[in-house]
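**Q** Encoded as structure tokens, here's the structure I'll be asking about.
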Amino acid sequence: MADKTIFKRIIDGDIPADIVYEDEFCLAFRDVSPQAPTHVLLIPKQEIPSIGDLQASDQALAGHLLLVASQLAQQLDLKNGYRLVINCGPDAGQAVNHLHIHILGGRPLGWPPG
Ligand code: AMP
């Protein structure tokens with residue numbers, strides 16, 4: 001389908017990804033253009049374009065994503081800290097319209113972000 005996002009194509013197995021975690025509700029894979037030594041994207045399997053599109057009925061899913069992000073950071077051995085980033089909309093530079101959490105770590109991360 002021409003209008004599938006790149007992340008939906010990964011969920012559907014149309015294109016490969018370096019998957020580090022999967023369960024019934026979400027999938028995590030390494031970013032193809034890593035901005036830190038560890039850069040993983042965690043996405044819901046449900047097609048939600050951005051965090052701005054979350055509904056009250058998505059509360060359990062949203063909580064699940066945060067819990068998995070925390071567990072993944074441990075699994076990825078980010079003992080010295082890490083950052084979770086959710087870009088939303090053009091000003092934040094969201095490039096893929098499928099909700100995703102960046103998990104970044106393995107080096108000191110500057111603040112404020114660009
Ligand atoms: P954002 O700018 O927040 O929308 O982030 C989108 C991210 O998706 C970027 O960090 C890209 O490098 C990453 N990305 C795009 N295509 C792929 C892909 N096929 N596999 C893994 N990561 C991807």
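Convention: chains lettered A, B, ... in structure tokens order; per-chain residue numbering from 1; ligands numbered from 1 as shown.
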Quick one: contact table of chain A to ligand 1, 6 Å max, nearest atom pair and distance in Å to one decimal per residue, counting only C-alpha atoms and all ligand atoms, chain and number order, as CSV?
**A**
residue,atom,partner,partner_atom_place_in_ligand_line,distance
A:Ala17,CA,ligand 1,20 (N),5.7
A:Arg30,CA,ligand 1,21 (C),5.9
A:Asp31,CA,ligand 1,22 (N),3.7
A:Val32,CA,ligand 1,21 (C),4.0
A:Ser33,CA,ligand 1,12 (O),4.2
A:Asn87,CA,ligand 1,3 (O),4.6
A:Gly93,CA,ligand 1,2 (O),5.2
A:Gln94,CA,ligand 1,4 (O),3.6
A:Ala95,CA,ligand 1,4 (O),3.5
A:Val96,CA,ligand 1,4 (O),4.1
**Q** Those residues you just picked out, can you put them in a file as a PDB file, in the first residue's frame with N, CA and C atoms?
**A**
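For reference, part-v8.pdb as written:
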ATOM      1  N   ALA A  17      14.163  -4.439   9.776  1.00  0.00           N
ATOM      2  CA  ALA A  17      14.609  -3.517  10.816  1.00  0.00           C
ATOM      3  C   ALA A  17      15.388  -4.342  11.829  1.00  0.00           C
ATOM      4  N   ARG A  30      16.376  -0.445  16.096  1.00  0.00           N
ATOM      5  CA  ARG A  30      17.443   0.555  16.066  1.00  0.00           C
ATOM      6  C   ARG A  30      17.198   1.565  14.952  1.00  0.00           C
ATOM      7  N   ASP A  31      17.431   2.854  15.299  1.00  0.00           N
ATOM      8  CA  ASP A  31      17.266   3.911  14.314  1.00  0.00           C
ATOM      9  C   ASP A  31      18.304   3.721  13.205  1.00  0.00           C
ATOM     10  N   VAL A  32      17.878   3.902  11.965  1.00  0.00           N
ATOM     11  CA  VAL A  32      18.752   3.697  10.815  1.00  0.00           C
ATOM     12  C   VAL A  32      19.820   4.793  10.724  1.00  0.00           C
ATOM     13  N   SER A  33      19.578   5.914  11.387  1.00  0.00           N
ATOM     14  CA  SER A  33      20.528   7.036  11.368  1.00  0.00           C
ATOM     15  C   SER A  33      20.793   7.474  12.805  1.00  0.00           C
ATOM     16  N   ASN A  87       9.053  13.574  19.172  1.00  0.00           N
ATOM     17  CA  ASN A  87       8.836  14.740  18.329  1.00  0.00           C
ATOM     18  C   ASN A  87       7.378  14.753  17.873  1.00  0.00           C
ATOM     19  N   GLY A  93      10.181  18.755  14.149  1.00  0.00           N
ATOM     20  CA  GLY A  93      10.877  17.980  13.122  1.00  0.00           C
ATOM     21  C   GLY A  93      10.399  16.551  12.998  1.00  0.00           C
ATOM     22  N   GLN A  94       9.143  16.296  13.366  1.00  0.00           N
ATOM     23  CA  GLN A  94       8.631  14.929  13.219  1.00  0.00           C
ATOM     24  C   GLN A  94       8.598  14.558  11.738  1.00  0.00           C
ATOM     25  N   ALA A  95       9.346  13.518  11.387  1.00  0.00           N
ATOM     26  CA  ALA A  95       9.473  13.139   9.978  1.00  0.00           C
ATOM     27  C   ALA A  95       8.579  11.955   9.606  1.00  0.00           C
ATOM     28  N   VAL A  96       8.265  11.118  10.591  1.00  0.00           N
ATOM     29  CA  VAL A  96       7.449   9.932  10.320  1.00  0.00           C
ATOM     30  C   VAL A  96       6.160  10.055  11.128  1.00  0.00           C
TER      31      VAL A  96
END
**Q** Using only C-alpha atoms, what table do you get, as CSV, when you list each residue of range 5-30 of chain A with an atom no more than 7 Å from range 35-51 of chain A, its nearest pair of atoms, and their distance in Å rounded to one decimal, rows by chain then rising number?
**A**
residue,atom,partner,partner_atom,distance
A:Ile11,CA,A:Lys45,CA,6.6
A:Phe25,CA,A:Lys45,CA,5.5
A:Cys26,CA,A:Pro44,CA,4.2
A:Leu27,CA,A:Ile43,CA,5.4
A:Ala28,CA,A:Leu42,CA,4.2
A:Phe29,CA,A:Val40,CA,5.5
A:Arg30,CA,A:Val40,CA,4.3
**Q** Which distance in Å separates CA of Gly110 in chain A and CA of Leu84 in chain A, to one decimal?
**A** 13.1 Å
**Q** Counting only C-alpha atoms, which residue out of A:Cys88, A:Ile15, A:Ile6, A:Ile103 sits closest to Gln74 in chain A?
**A**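 Closest residue, counting only C-alpha atoms: A:Ile103.
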**Q** DSSP on the backbone: which residues in chain A end up as strand (DSSP E)? Give the answer as a list in words.
**A**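 Matching residues, listed in order: Ile19, Val20, Tyr21, Glu22, Cys26, Leu27, Ala28, Phe29, Arg30, Thr38, His39, Val40, Leu41, Leu42, Ile43, Pro44, Tyr82, Arg83, Leu84, Val85, Ile101, His102, Ile103, Leu104 and Gly105 of chain A.
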**Q** Mind the document's chain letters and residue numbers, and return as a PDB file with all heavy atoms, in the first residue's frame the residues of chain A that DSSP labels alpha helix (DSSP H).
**A**
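For reference, part.pdb as written:
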ATOM      1  N   ILE A   6       6.618   4.381   6.828  1.00  0.00           N
ATOM      2  CA  ILE A   6       7.784   3.484   6.875  1.00  0.00           C
ATOM      3  C   ILE A   6       7.710   2.589   8.123  1.00  0.00           C
ATOM      4  O   ILE A   6       8.098   1.417   8.080  1.00  0.00           O
ATOM      5  CB  ILE A   6       9.096   4.304   6.837  1.00  0.00           C
ATOM      6  CG1 ILE A   6      10.289   3.407   6.571  1.00  0.00           C
ATOM      7  CG2 ILE A   6       9.312   5.124   8.081  1.00  0.00           C
ATOM      8  CD1 ILE A   6      10.688   3.335   5.152  1.00  0.00           C
ATOM      9  N   PHE A   7       7.148   3.116   9.226  1.00  0.00           N
ATOM     10  CA  PHE A   7       7.084   2.307  10.447  1.00  0.00           C
ATOM     11  C   PHE A   7       5.995   1.240  10.336  1.00  0.00           C
ATOM     12  O   PHE A   7       6.158   0.132  10.844  1.00  0.00           O
ATOM     13  CB  PHE A   7       6.868   3.194  11.666  1.00  0.00           C
ATOM     14  CG  PHE A   7       8.050   4.084  11.982  1.00  0.00           C
ATOM     15  CD1 PHE A   7       7.947   5.086  12.934  1.00  0.00           C
ATOM     16  CD2 PHE A   7       9.272   3.913  11.343  1.00  0.00           C
ATOM     17  CE1 PHE A   7       9.036   5.907  13.228  1.00  0.00           C
ATOM     18  CE2 PHE A   7      10.365   4.727  11.619  1.00  0.00           C
ATOM     19  CZ  PHE A   7      10.244   5.734  12.569  1.00  0.00           C
ATOM     20  N   LYS A   8       4.911   1.557   9.659  1.00  0.00           N
ATOM     21  CA  LYS A   8       3.875   0.546   9.436  1.00  0.00           C
ATOM     22  C   LYS A   8       4.431  -0.570   8.551  1.00  0.00           C
ATOM     23  O   LYS A   8       4.125  -1.745   8.744  1.00  0.00           O
ATOM     24  CB  LYS A   8       2.641   1.203   8.792  1.00  0.00           C
ATOM     25  CG  LYS A   8       1.515   0.240   8.453  1.00  0.00           C
ATOM     26  CD  LYS A   8       0.954  -0.487   9.661  1.00  0.00           C
ATOM     27  CE  LYS A   8      -0.262  -1.333   9.242  1.00  0.00           C
ATOM     28  NZ  LYS A   8      -0.588  -2.359  10.265  1.00  0.00           N
ATOM     29  N   ARG A   9       5.277  -0.192   7.619  1.00  0.00           N
ATOM     30  CA  ARG A   9       5.886  -1.205   6.746  1.00  0.00           C
ATOM     31  C   ARG A   9       6.825  -2.114   7.553  1.00  0.00           C
ATOM     32  O   ARG A   9       6.921  -3.310   7.276  1.00  0.00           O
ATOM     33  CB  ARG A   9       6.630  -0.526   5.596  1.00  0.00           C
ATOM     34  CG  ARG A   9       5.675   0.170   4.628  1.00  0.00           C
ATOM     35  CD  ARG A   9       6.414   0.956   3.563  1.00  0.00           C
ATOM     36  NE  ARG A   9       7.119   0.082   2.658  1.00  0.00           N
ATOM     37  CZ  ARG A   9       8.130   0.461   1.863  1.00  0.00           C
ATOM     38  NH1 ARG A   9       8.543   1.712   1.887  1.00  0.00           N
ATOM     39  NH2 ARG A   9       8.709  -0.396   1.061  1.00  0.00           N
ATOM     40  N   ILE A  10       7.494  -1.539   8.566  1.00  0.00           N
ATOM     41  CA  ILE A  10       8.329  -2.373   9.442  1.00  0.00           C
ATOM     42  C   ILE A  10       7.444  -3.298  10.281  1.00  0.00           C
ATOM     43  O   ILE A  10       7.716  -4.498  10.405  1.00  0.00           O
ATOM     44  CB  ILE A  10       9.226  -1.474  10.336  1.00  0.00           C
ATOM     45  CG1 ILE A  10      10.312  -0.812   9.467  1.00  0.00           C
ATOM     46  CG2 ILE A  10       9.850  -2.285  11.467  1.00  0.00           C
ATOM     47  CD1 ILE A  10      11.139   0.244  10.188  1.00  0.00           C
ATOM     48  N   ILE A  11       6.366  -2.751  10.851  1.00  0.00           N
ATOM     49  CA  ILE A  11       5.438  -3.575  11.646  1.00  0.00           C
ATOM     50  C   ILE A  11       4.929  -4.751  10.819  1.00  0.00           C
ATOM     51  O   ILE A  11       4.853  -5.890  11.299  1.00  0.00           O
ATOM     52  CB  ILE A  11       4.242  -2.716  12.135  1.00  0.00           C
ATOM     53  CG1 ILE A  11       4.704  -1.694  13.171  1.00  0.00           C
ATOM     54  CG2 ILE A  11       3.132  -3.602  12.699  1.00  0.00           C
ATOM     55  CD1 ILE A  11       3.679  -0.605  13.457  1.00  0.00           C
ATOM     56  N   GLN A  59      -4.955   5.304  27.039  1.00  0.00           N
ATOM     57  CA  GLN A  59      -4.203   5.486  28.292  1.00  0.00           C
ATOM     58  C   GLN A  59      -3.337   4.273  28.633  1.00  0.00           C
ATOM     59  O   GLN A  59      -2.153   4.427  28.977  1.00  0.00           O
ATOM     60  CB  GLN A  59      -5.162   5.770  29.443  1.00  0.00           C
ATOM     61  CG  GLN A  59      -4.458   6.044  30.766  1.00  0.00           C
ATOM     62  CD  GLN A  59      -5.417   6.547  31.831  1.00  0.00           C
ATOM     63  OE1 GLN A  59      -6.470   7.086  31.506  1.00  0.00           O
ATOM     64  NE2 GLN A  59      -5.076   6.374  33.075  1.00  0.00           N
ATOM     65  N   ALA A  60      -3.913   3.094  28.521  1.00  0.00           N
ATOM     66  CA  ALA A  60      -3.143   1.890  28.874  1.00  0.00           C
ATOM     67  C   ALA A  60      -1.967   1.708  27.916  1.00  0.00           C
ATOM     68  O   ALA A  60      -0.858   1.349  28.346  1.00  0.00           O
ATOM     69  CB  ALA A  60      -4.043   0.662  28.860  1.00  0.00           C
ATOM     70  N   LEU A  61      -2.197   1.954  26.662  1.00  0.00           N
ATOM     71  CA  LEU A  61      -1.120   1.821  25.668  1.00  0.00           C
ATOM     72  C   LEU A  61      -0.010   2.833  25.943  1.00  0.00           C
ATOM     73  O   LEU A  61       1.182   2.487  25.899  1.00  0.00           O
ATOM     74  CB  LEU A  61      -1.684   2.035  24.255  1.00  0.00           C
ATOM     75  CG  LEU A  61      -0.656   2.039  23.120  1.00  0.00           C
ATOM     76  CD1 LEU A  61       0.039   0.680  23.004  1.00  0.00           C
ATOM     77  CD2 LEU A  61      -1.322   2.408  21.797  1.00  0.00           C
ATOM     78  N   ALA A  62      -0.394   4.074  26.230  1.00  0.00           N
ATOM     79  CA  ALA A  62       0.608   5.114  26.502  1.00  0.00           C
ATOM     80  C   ALA A  62       1.451   4.734  27.716  1.00  0.00           C
ATOM     81  O   ALA A  62       2.678   4.882  27.706  1.00  0.00           O
ATOM     82  CB  ALA A  62      -0.085   6.459  26.713  1.00  0.00           C
ATOM     83  N   GLY A  63       0.808   4.240  28.749  1.00  0.00           N
ATOM     84  CA  GLY A  63       1.535   3.799  29.944  1.00  0.00           C
ATOM     85  C   GLY A  63       2.438   2.617  29.632  1.00  0.00           C
ATOM     86  O   GLY A  63       3.581   2.548  30.098  1.00  0.00           O
ATOM     87  N   HIS A  64       1.932   1.706  28.832  1.00  0.00           N
ATOM     88  CA  HIS A  64       2.724   0.526  28.444  1.00  0.00           C
ATOM     89  C   HIS A  64       3.996   0.963  27.724  1.00  0.00           C
ATOM     90  O   HIS A  64       5.086   0.439  27.993  1.00  0.00           O
ATOM     91  CB  HIS A  64       1.875  -0.379  27.556  1.00  0.00           C
ATOM     92  CG  HIS A  64       2.564  -1.625  27.123  1.00  0.00           C
ATOM     93  ND1 HIS A  64       2.834  -2.677  27.976  1.00  0.00           N
ATOM     94  CD2 HIS A  64       3.086  -1.993  25.922  1.00  0.00           C
ATOM     95  CE1 HIS A  64       3.471  -3.629  27.314  1.00  0.00           C
ATOM     96  NE2 HIS A  64       3.637  -3.236  26.059  1.00  0.00           N
ATOM     97  N   LEU A  65       3.863   1.918  26.820  1.00  0.00           N
ATOM     98  CA  LEU A  65       5.032   2.383  26.066  1.00  0.00           C
ATOM     99  C   LEU A  65       6.095   2.946  27.008  1.00  0.00           C
ATOM    100  O   LEU A  65       7.298   2.667  26.845  1.00  0.00           O
ATOM    101  CB  LEU A  65       4.623   3.438  25.035  1.00  0.00           C
ATOM    102  CG  LEU A  65       3.838   2.912  23.826  1.00  0.00           C
ATOM    103  CD1 LEU A  65       3.271   4.075  23.019  1.00  0.00           C
ATOM    104  CD2 LEU A  65       4.720   2.038  22.932  1.00  0.00           C
ATOM    105  N   LEU A  66       5.679   3.717  27.995  1.00  0.00           N
ATOM    106  CA  LEU A  66       6.658   4.281  28.935  1.00  0.00           C
ATOM    107  C   LEU A  66       7.329   3.184  29.757  1.00  0.00           C
ATOM    108  O   LEU A  66       8.542   3.226  29.993  1.00  0.00           O
ATOM    109  CB  LEU A  66       5.992   5.301  29.853  1.00  0.00           C
ATOM    110  CG  LEU A  66       5.735   6.680  29.251  1.00  0.00           C
ATOM    111  CD1 LEU A  66       5.105   7.603  30.284  1.00  0.00           C
ATOM    112  CD2 LEU A  66       7.022   7.299  28.720  1.00  0.00           C
ATOM    113  N   LEU A  67       6.539   2.216  30.194  1.00  0.00           N
ATOM    114  CA  LEU A  67       7.126   1.113  30.964  1.00  0.00           C
ATOM    115  C   LEU A  67       8.120   0.325  30.128  1.00  0.00           C
ATOM    116  O   LEU A  67       9.219  -0.012  30.591  1.00  0.00           O
ATOM    117  CB  LEU A  67       6.027   0.173  31.466  1.00  0.00           C
ATOM    118  CG  LEU A  67       5.354   0.562  32.766  1.00  0.00           C
ATOM    119  CD1 LEU A  67       4.195  -0.382  33.059  1.00  0.00           C
ATOM    120  CD2 LEU A  67       6.351   0.527  33.921  1.00  0.00           C
ATOM    121  N   VAL A  68       7.752   0.051  28.874  1.00  0.00           N
ATOM    122  CA  VAL A  68       8.661  -0.692  27.999  1.00  0.00           C
ATOM    123  C   VAL A  68       9.920   0.129  27.740  1.00  0.00           C
ATOM    124  O   VAL A  68      11.034  -0.410  27.715  1.00  0.00           O
ATOM    125  CB  VAL A  68       7.961  -1.089  26.682  1.00  0.00           C
ATOM    126  CG1 VAL A  68       8.968  -1.621  25.668  1.00  0.00           C
ATOM    127  CG2 VAL A  68       6.879  -2.127  26.943  1.00  0.00           C
ATOM    128  N   ALA A  69       9.765   1.449  27.556  1.00  0.00           N
ATOM    129  CA  ALA A  69      10.942   2.300  27.338  1.00  0.00           C
ATOM    130  C   ALA A  69      11.899   2.184  28.519  1.00  0.00           C
ATOM    131  O   ALA A  69      13.120   2.047  28.345  1.00  0.00           O
ATOM    132  CB  ALA A  69      10.513   3.746  27.126  1.00  0.00           C
ATOM    133  N   SER A  70      11.372   2.206  29.720  1.00  0.00           N
ATOM    134  CA  SER A  70      12.201   2.087  30.915  1.00  0.00           C
ATOM    135  C   SER A  70      12.893   0.721  30.968  1.00  0.00           C
ATOM    136  O   SER A  70      14.093   0.618  31.261  1.00  0.00           O
ATOM    137  CB  SER A  70      11.319   2.305  32.153  1.00  0.00           C
ATOM    138  OG  SER A  70      12.013   1.981  33.316  1.00  0.00           O
ATOM    139  N   GLN A  71      12.150  -0.331  30.675  1.00  0.00           N
ATOM    140  CA  GLN A  71      12.734  -1.685  30.688  1.00  0.00           C
ATOM    141  C   GLN A  71      13.793  -1.844  29.599  1.00  0.00           C
ATOM    142  O   GLN A  71      14.843  -2.460  29.805  1.00  0.00           O
ATOM    143  CB  GLN A  71      11.624  -2.731  30.517  1.00  0.00           C
ATOM    144  CG  GLN A  71      10.732  -2.835  31.744  1.00  0.00           C
ATOM    145  CD  GLN A  71       9.398  -3.517  31.459  1.00  0.00           C
ATOM    146  OE1 GLN A  71       9.106  -3.899  30.321  1.00  0.00           O
ATOM    147  NE2 GLN A  71       8.566  -3.645  32.482  1.00  0.00           N
ATOM    148  N   LEU A  72      13.507  -1.244  28.431  1.00  0.00           N
ATOM    149  CA  LEU A  72      14.458  -1.345  27.325  1.00  0.00           C
ATOM    150  C   LEU A  72      15.766  -0.638  27.656  1.00  0.00           C
ATOM    151  O   LEU A  72      16.843  -1.111  27.309  1.00  0.00           O
ATOM    152  CB  LEU A  72      13.855  -0.710  26.074  1.00  0.00           C
ATOM    153  CG  LEU A  72      13.165  -1.648  25.084  1.00  0.00           C
ATOM    154  CD1 LEU A  72      12.550  -0.837  23.962  1.00  0.00           C
ATOM    155  CD2 LEU A  72      14.178  -2.640  24.525  1.00  0.00           C
ATOM    156  N   ALA A  73      15.660   0.526  28.305  1.00  0.00           N
ATOM    157  CA  ALA A  73      16.872   1.267  28.675  1.00  0.00           C
ATOM    158  C   ALA A  73      17.758   0.397  29.567  1.00  0.00           C
ATOM    159  O   ALA A  73      18.986   0.398  29.434  1.00  0.00           O
ATOM    160  CB  ALA A  73      16.503   2.567  29.371  1.00  0.00           C
ATOM    161  N   GLN A  74      17.137  -0.383  30.461  1.00  0.00           N
ATOM    162  CA  GLN A  74      17.916  -1.306  31.296  1.00  0.00           C
ATOM    163  C   GLN A  74      18.514  -2.407  30.441  1.00  0.00           C
ATOM    164  O   GLN A  74      19.697  -2.738  30.560  1.00  0.00           O
ATOM    165  CB  GLN A  74      17.028  -1.916  32.374  1.00  0.00           C
ATOM    166  CG  GLN A  74      16.628  -0.920  33.453  1.00  0.00           C
ATOM    167  CD  GLN A  74      15.695  -1.550  34.491  1.00  0.00           C
ATOM    168  OE1 GLN A  74      15.943  -2.658  34.949  1.00  0.00           O
ATOM    169  NE2 GLN A  74      14.643  -0.841  34.840  1.00  0.00           N
ATOM    170  N   GLN A  75      17.687  -2.965  29.568  1.00  0.00           N
ATOM    171  CA  GLN A  75      18.142  -4.064  28.696  1.00  0.00           C
ATOM    172  C   GLN A  75      19.294  -3.601  27.793  1.00  0.00           C
ATOM    173  O   GLN A  75      20.203  -4.372  27.480  1.00  0.00           O
ATOM    174  CB  GLN A  75      16.948  -4.516  27.845  1.00  0.00           C
ATOM    175  CG  GLN A  75      17.200  -5.674  26.915  1.00  0.00           C
ATOM    176  CD  GLN A  75      15.980  -5.971  26.054  1.00  0.00           C
ATOM    177  OE1 GLN A  75      14.848  -6.056  26.550  1.00  0.00           O
ATOM    178  NE2 GLN A  75      16.181  -6.105  24.760  1.00  0.00           N
TER     179      GLN A  75
END
**Q** Pick the closest to Asp77 in chain A from A:Asp12, A:Trp111, A:Gly106, A:Asp58: which is it, counting only C-alpha atoms?
**A**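 Closest to Asp77 in chain A of all the choices is A:Gly106.
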**Q** Distance CA of Pro90 in chain A-CA of Gly114 in chain A, one decimal place?
**A**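 Pair CA of Pro90 in chain A / CA of Gly114 in chain A returns 13.8 Å.
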